Number of protein chains: 2
Amino acid sequence: MSKILKLRSPADLIGMQGNGVISFGSGQPDLPPPKETFEGIDLTRDLRYGLIQGEVKLREALAREYAGSTAENFVITNGASEALDLIFRCWGKGQKVLMPRPYYYSYLPVVEMAGNVPVFTDLIDGRIEVEHFSKKICGCKAVLINSPSNPTGRVEAIETLKIIEKLTQKLGVYVVSDEVYKDLIYERENYHIQGDHVITVNSFSKTYCMCGVRVGYLWSADKKIVEDVCEMKTHTSMNTNLVGQDMALSAMKAPKVYIERQQQIWRERRDFIYDGLLKLGFDLWKPEGAFYVLPKCKNAREFLSLLCQEYKVITYLGEWFGAPDRLRLSYALDIKQIEEGLGRINDAMKEVKVL
Amino acid sequence: MSKILKLRSPADLIGMQGNGVISFGSGQPDLPPPKETFEGIDLTRDLRYGLIQGEVKLREALAREYAGSTAENFVITNGASEALDLIFRCWGKGQKVLMPRPYYYSYLPVVEMAGNVPVFTDLIDGRIEVEHFSKKICGCKAVLINSPSNPTGRVEAIETLKIIEKLTQKLGVYVVSDEVYKDLIYERENYHIQGDHVITVNSFSKTYCMCGVRVGYLWSADKKIVEDVCEMKTHTSMNTNLVGQDMALSAMKAPKVYIERQQQIWRERRDFIYDGLLKLGFDLWKPEGAFYVLPKCKNAREFLSLLCQEYKVITYLGEWFGAPDRLRLSYALDIKQIEEGLGRINDAMKEVKVL
C-alpha cells in the first residue's frame with residue numbers, strides 16, 4: 001500500500017520525473033520550436049543592456065499582430081509570469097482582484113505577494129457565470145481572466161468576453177487577460193479583448209514551444225501602466241534576455257501553417273484523452289483550447305500518491321488550482337504515452353475509489 | 001542658457017544617447033565578452049522549462065569557485081537585480097534593512113517595494129564606519145553591503161568585512177553581500193564573506209561583459225533561503241533563460257588572463273579619470289574597484305542639465321544614489337572618450353559654479 005504524499009505544489013513532484021514515468025504534470029509543449037527560431041541568431045551581437053521595455057524590432061513585430069497598436073504598447077518580460085507579477089505589484093497594496101475559480105496556480109501567490117486580495121467567481125460548467133461575475137466585481141481594481149484556461153481547457157464565448165469588456169469599461173475596472181494559449185484554440189480564432197482598461201498578457205512559450213527561453217510580454221493602451229511596469233522592471237530584472245528576444249522575433253517568421261499543424265496535433269491528443277477518460281467513467285469538461293483536462297476525482301490526493309508511487313504516472317492536484325476533488329492532467333505527450341498512461345490509471349482505479 | 005532638467009532617475013536620460021554624446025552614465029563594460037562565451041552553444045538544445053534553481057552544470061561550476069559549496073547553495077537568476085528582489089520579498093514585510101549610504105540606486109526601491117524599511121549608515125570617506133554601523137544594526141533583519149561599491153568605487157578593508165561577518169553572526173542578522181564587481185578590484189583579491197547567515201549576490205554581467213544576457217545568481221548556505229527564493233521564483237519568472245545560462249557556463253571557461261587583462265584596462269582608465277578630475281579641482285575618492293567616481297559637485301542638477309544639453313555629456317545625479325551634491329560618472333569608456341568628456345566638463349565648469 002502506498003502512503004499519501006504531503007505535496008504542497010507541483011514543485012514537489014519534480015524529482016519524480018525520469019525513466020518509465022508518464023507525466024501528465026508539467027504544462028508545456030513537448031514539440032520542438034519552429035526551425036525559424038534558430039535562423040539568423042548572432043550570439044556575438046551587442047550584449048550590453050537592452051531597453052527595459054524590450055527590443056524595438058520585437059515590439060514592432062508584435063504591433064503588427066495587435067490592430068491599432070505601436071511598439072509603445074508592449075513590454076517584453078521574462079515570460080508571462082513576470083508580466084503578471086509586475087502588473088499586480090504596480091497597483092499598490094490592498095486592491096481587490098476578481099478571478100474565476102479554478103485558476104492558474106500562480107495567480108493566487110502573485111496577487112497575494114503583491115499585497116492584493118483575491119476575490120473569486122466560481123466557474124459553472126467550466127465557464128464564467130456572467131451574473132455572479134457582475135456581482136463580485138464591485139469594489140475590485142481588476143479582473144484576471146484566462147481564456148483558453150489552464151487548468152480547465154475551456155474557452156470563454158466571445159459574447160461573454162464582450163460583456164466583460166463593456167462591464168469593466170463602464171465600472172473603470174482593469175481587465176488583465178492572460179492569453180498565453182491564444183494560438184491553441186480548437187474551435188475558433190482568439191478574441192482579443194479591447195479597451196484602454198485592458199492589459200493583455202502573452203508569451204512565446206506555448207505558441208512556439210520555447211518555455212525555457214522565457215520571453216513573454218504585456219500589451220496595454222494605458223501609457224501609465226507601461227511606464228510603471230518599466231520603472232519597476234528597471235529595479236527587479238532590467239531588460240529581458242537579449243538572445244531570447246532575438247529568438248522570439250525569429251520564431252514569429254514561422255509560417256502560419258506551423259501553428260495550424262500544432263493545433264491539429266493538439267486536437268488529436270485532446271480527442272484521445274477526453275474519450276479515454278470518459279470511457280474510464282470520469283466526469284470532465286471537454287477542452288476547447290490549451291492542453292489540460294480537469295476530471296472530477298474522489299480521494300484525489302490518495303489517488304495521485306498511488307499513481308505516482310506505484311504506477312509511475314504524474315498528475316497534479318486540482319486543489320492547487322482551486323479545484324478540490326479534481327485532478328489536472330496535461331496532455332502534452334504523444335498519443336502512445338497518453339494511451340499507456342490511461343491504461344495505468346485504469347489499473348490504479350481498482351485500488352482507490354475515485355468515481 | 002540651458003534649462004534645469006526635471007530628471008527622476010537614470011531612465012530619463014536614455015533618450016539622450018547617440019551621435020557625439022559622451023556617456024559617463026550607464027554602468028556596464030564597453031568591452032566584448034570573452035570568445036569562450038559563444039563556443040559550443042547549441043540553440044537547438046532542449047528549450048522546455050529548466051529547473052527553477054538553475055541548470056545543474058552551471059551551479060556545479062560555480063560551486064568550484066566557492067569553497068565548501070555544492071550546486072545546492074546557488075540559485076541562478078535574471079541578473080543580480082532579480083536575486084536582490086527575491087531575497088527581500090522572501091522575508092515578509094516590515095523588516096529593517098541596514099545599508100551604507102551612498103548606495104546602488106535600485107537598493108531603495110527593491111527594499112521598499114518588498115514592504116521592508118531601509119535604515120542607513122553614512123560612509124565616512126567612502127567607507128563603512130564600524131562604530132556607527134554597529135549601533136544602527138540593532139533590530140535589523142539584514143544588512144545589505146556592496147564592496148566594491150557602485151557608486152563610490154570603494155572597496156571595504158578585509159578587516160571591516162570580518163568585523164561585519166562576526167557581528168552579524170552574533171546578532172543573528174543576515175548579510176546580503178552584493179559582490180557583482182568582485183573581479184574588478186584593483187588592489188587585492190575579493191574577500192568572500194563567510195557564514196550561514198550570508199547571502200552573496202553575484203552576476204556574470206560585469207566579469208564577462210554580458211549585461212544584456214541577464215544571468216546572475218545568489219549563494220547561500222541557508223537551505224531555507226534557497227528554497228524560499230525558488231518557491232517565489234516559480235511564480236514570478238520560472239527558470240532563468242536557458243541559452244543565457246549556457247553562455248554563462250561557457251564564459252567561465254575563459255582563462256584567468258582574460259580577467260587580468262580587463263583589470264589592467266580598468267586600472268588605466270581609473271587612473272586617467274581620477275587624475276583628470278583632480279586636476280579640474282574636484283574633490284573625490286580614489287576608486288579601488290568597479291568603474292565609478294563620485295565627485296562632490298555644487299549645483300549638481302544644474303551642471304548635469306548643462307552638460308547634457310549643451311555639451312552632450314551624460315552624468316548621473318549623486319542624489320539618485322543617496323549622495324546629494326555629487327555626480328556619478330562611470331568610466332566604462334575608452335581613454336580617448338574620457339579625455340574628450342573631461343575637456344567638455346572643463347568648458348562647462350566656466351558656466352556653473354561646481355567647486
# chains A, B, ... in the order shown; residues from 1 in each chain; ligands from 1
>>> interface_residues(of="chain B", to="chain A", cutoff="6 Å", atoms="only C-alpha atoms", output="list in words")
Leu47, Arg48, Tyr49, Gly50, Asn78, Ser81, Glu82, Asp85, Ser106, Met210, Cys211, Gly212, Val213, Arg214, His235, Thr236, Ser237, Asn241 and Leu242 of chain B
>>> residues_around(residues="Glu310 of chain A", least_positions_apart="2", cutoff="9 Å", atoms="only C-alpha atoms", output="PyMOL selection string")
chain A and resi 1-2+305-308+312-313+348
>>> write_last_selection(atoms="C-alpha atoms", output="PDB file, in the first residue's frame")
ATOM      1  CA  MET A   1       0.000   0.000   0.000  1.00  0.00           C
ATOM      2  CA  SER A   2       1.449   3.385  -0.955  1.00  0.00           C
ATOM      3  CA  SER A 305       0.012   9.374  -4.463  1.00  0.00           C
ATOM      4  CA  LEU A 306      -0.804   5.852  -5.665  1.00  0.00           C
ATOM      5  CA  LEU A 307      -0.355   6.793  -9.332  1.00  0.00           C
ATOM      6  CA  CYS A 308       2.920   8.482  -8.588  1.00  0.00           C
ATOM      7  CA  LYS A 312       4.861   5.956 -12.292  1.00  0.00           C
ATOM      8  CA  VAL A 313       2.196   8.360 -13.514  1.00  0.00           C
ATOM      9  CA  ALA A 348      -4.915   2.146 -10.345  1.00  0.00           C
TER      10      ALA A 348
END
>>> select_by_dssp(residues="segment 103-148 of chain B", states="strand (DSSP E or B)", output="list in words")
Val117, Pro118, Val119, Phe120, Thr121, Asp122, Ile124, Arg127, Ala142, Val143, Leu144, Ile145 and Asn146 of chain B
>>> residues_around(residues="Gly281 of chain B", least_positions_apart="5", cutoff="10 Å", atoms="only C-alpha atoms", output="PyMOL selection string")
chain B and resi 275-276+295+346+354-355
>>> closest_residue(among="A:Lys96, A:Arg188, A:Arg344, A:Arg270", to="Lys141 of chain A", atoms="only C-alpha atoms")
A:Lys96
>>> closest_residue(among="B:Arg101, B:Lys256, B:Arg59, B:Arg301", to="Leu5 of chain B", atoms="only C-alpha atoms")
B:Arg301
>>> select_by_dssp(residues="segment 31-81 of chain A", states="helix (DSSP H, G or I)", output="number ranges by chain")
A: 35-38, 56-63, 71-73, 79-81
>>> residues_around(residues="Phe321 of chain B", least_positions_apart="6", cutoff="6 Å", atoms="only C-alpha atoms", output="number ranges by chain")
B: 102-105
>>> write_last_selection(atoms="C-alpha atoms", output="mmCIF file, in the first residue's frame")
data_model
loop_
_atom_site.group_PDB
_atom_site.id
_atom_site.type_symbol
_atom_site.label_atom_id
_atom_site.label_comp_id
_atom_site.auth_asym_id
_atom_site.auth_seq_id
_atom_site.Cartn_x
_atom_site.Cartn_y
_atom_site.Cartn_z
ATOM 1 C CA PRO B 102 25.588 56.237 -0.781
ATOM 2 C CA TYR B 103 24.030 53.038 -2.145
ATOM 3 C CA TYR B 104 23.281 51.465 -5.533
ATOM 4 C CA TYR B 105 20.189 53.190 -6.821
#
>>> atom_distance(atom1="atom CA of Tyr191 of chain B", atom2="atom CA of Tyr274 of chain B")
24.8 Å
>>> atom_distance(atom1="atom CA of Glu60 of chain B", atom2="atom CA of Val75 of chain B")
11.2 Å
>>> atom_distance(atom1="atom CA of Arg326 of chain B", atom2="atom CA of Val21 of chain B")
21.1 Å
>>> closest_residue(among="A:Trp219, A:Ile314, A:Trp266, A:Val119", to="Ala63 of chain A", atoms="only C-alpha atoms")
A:Trp219
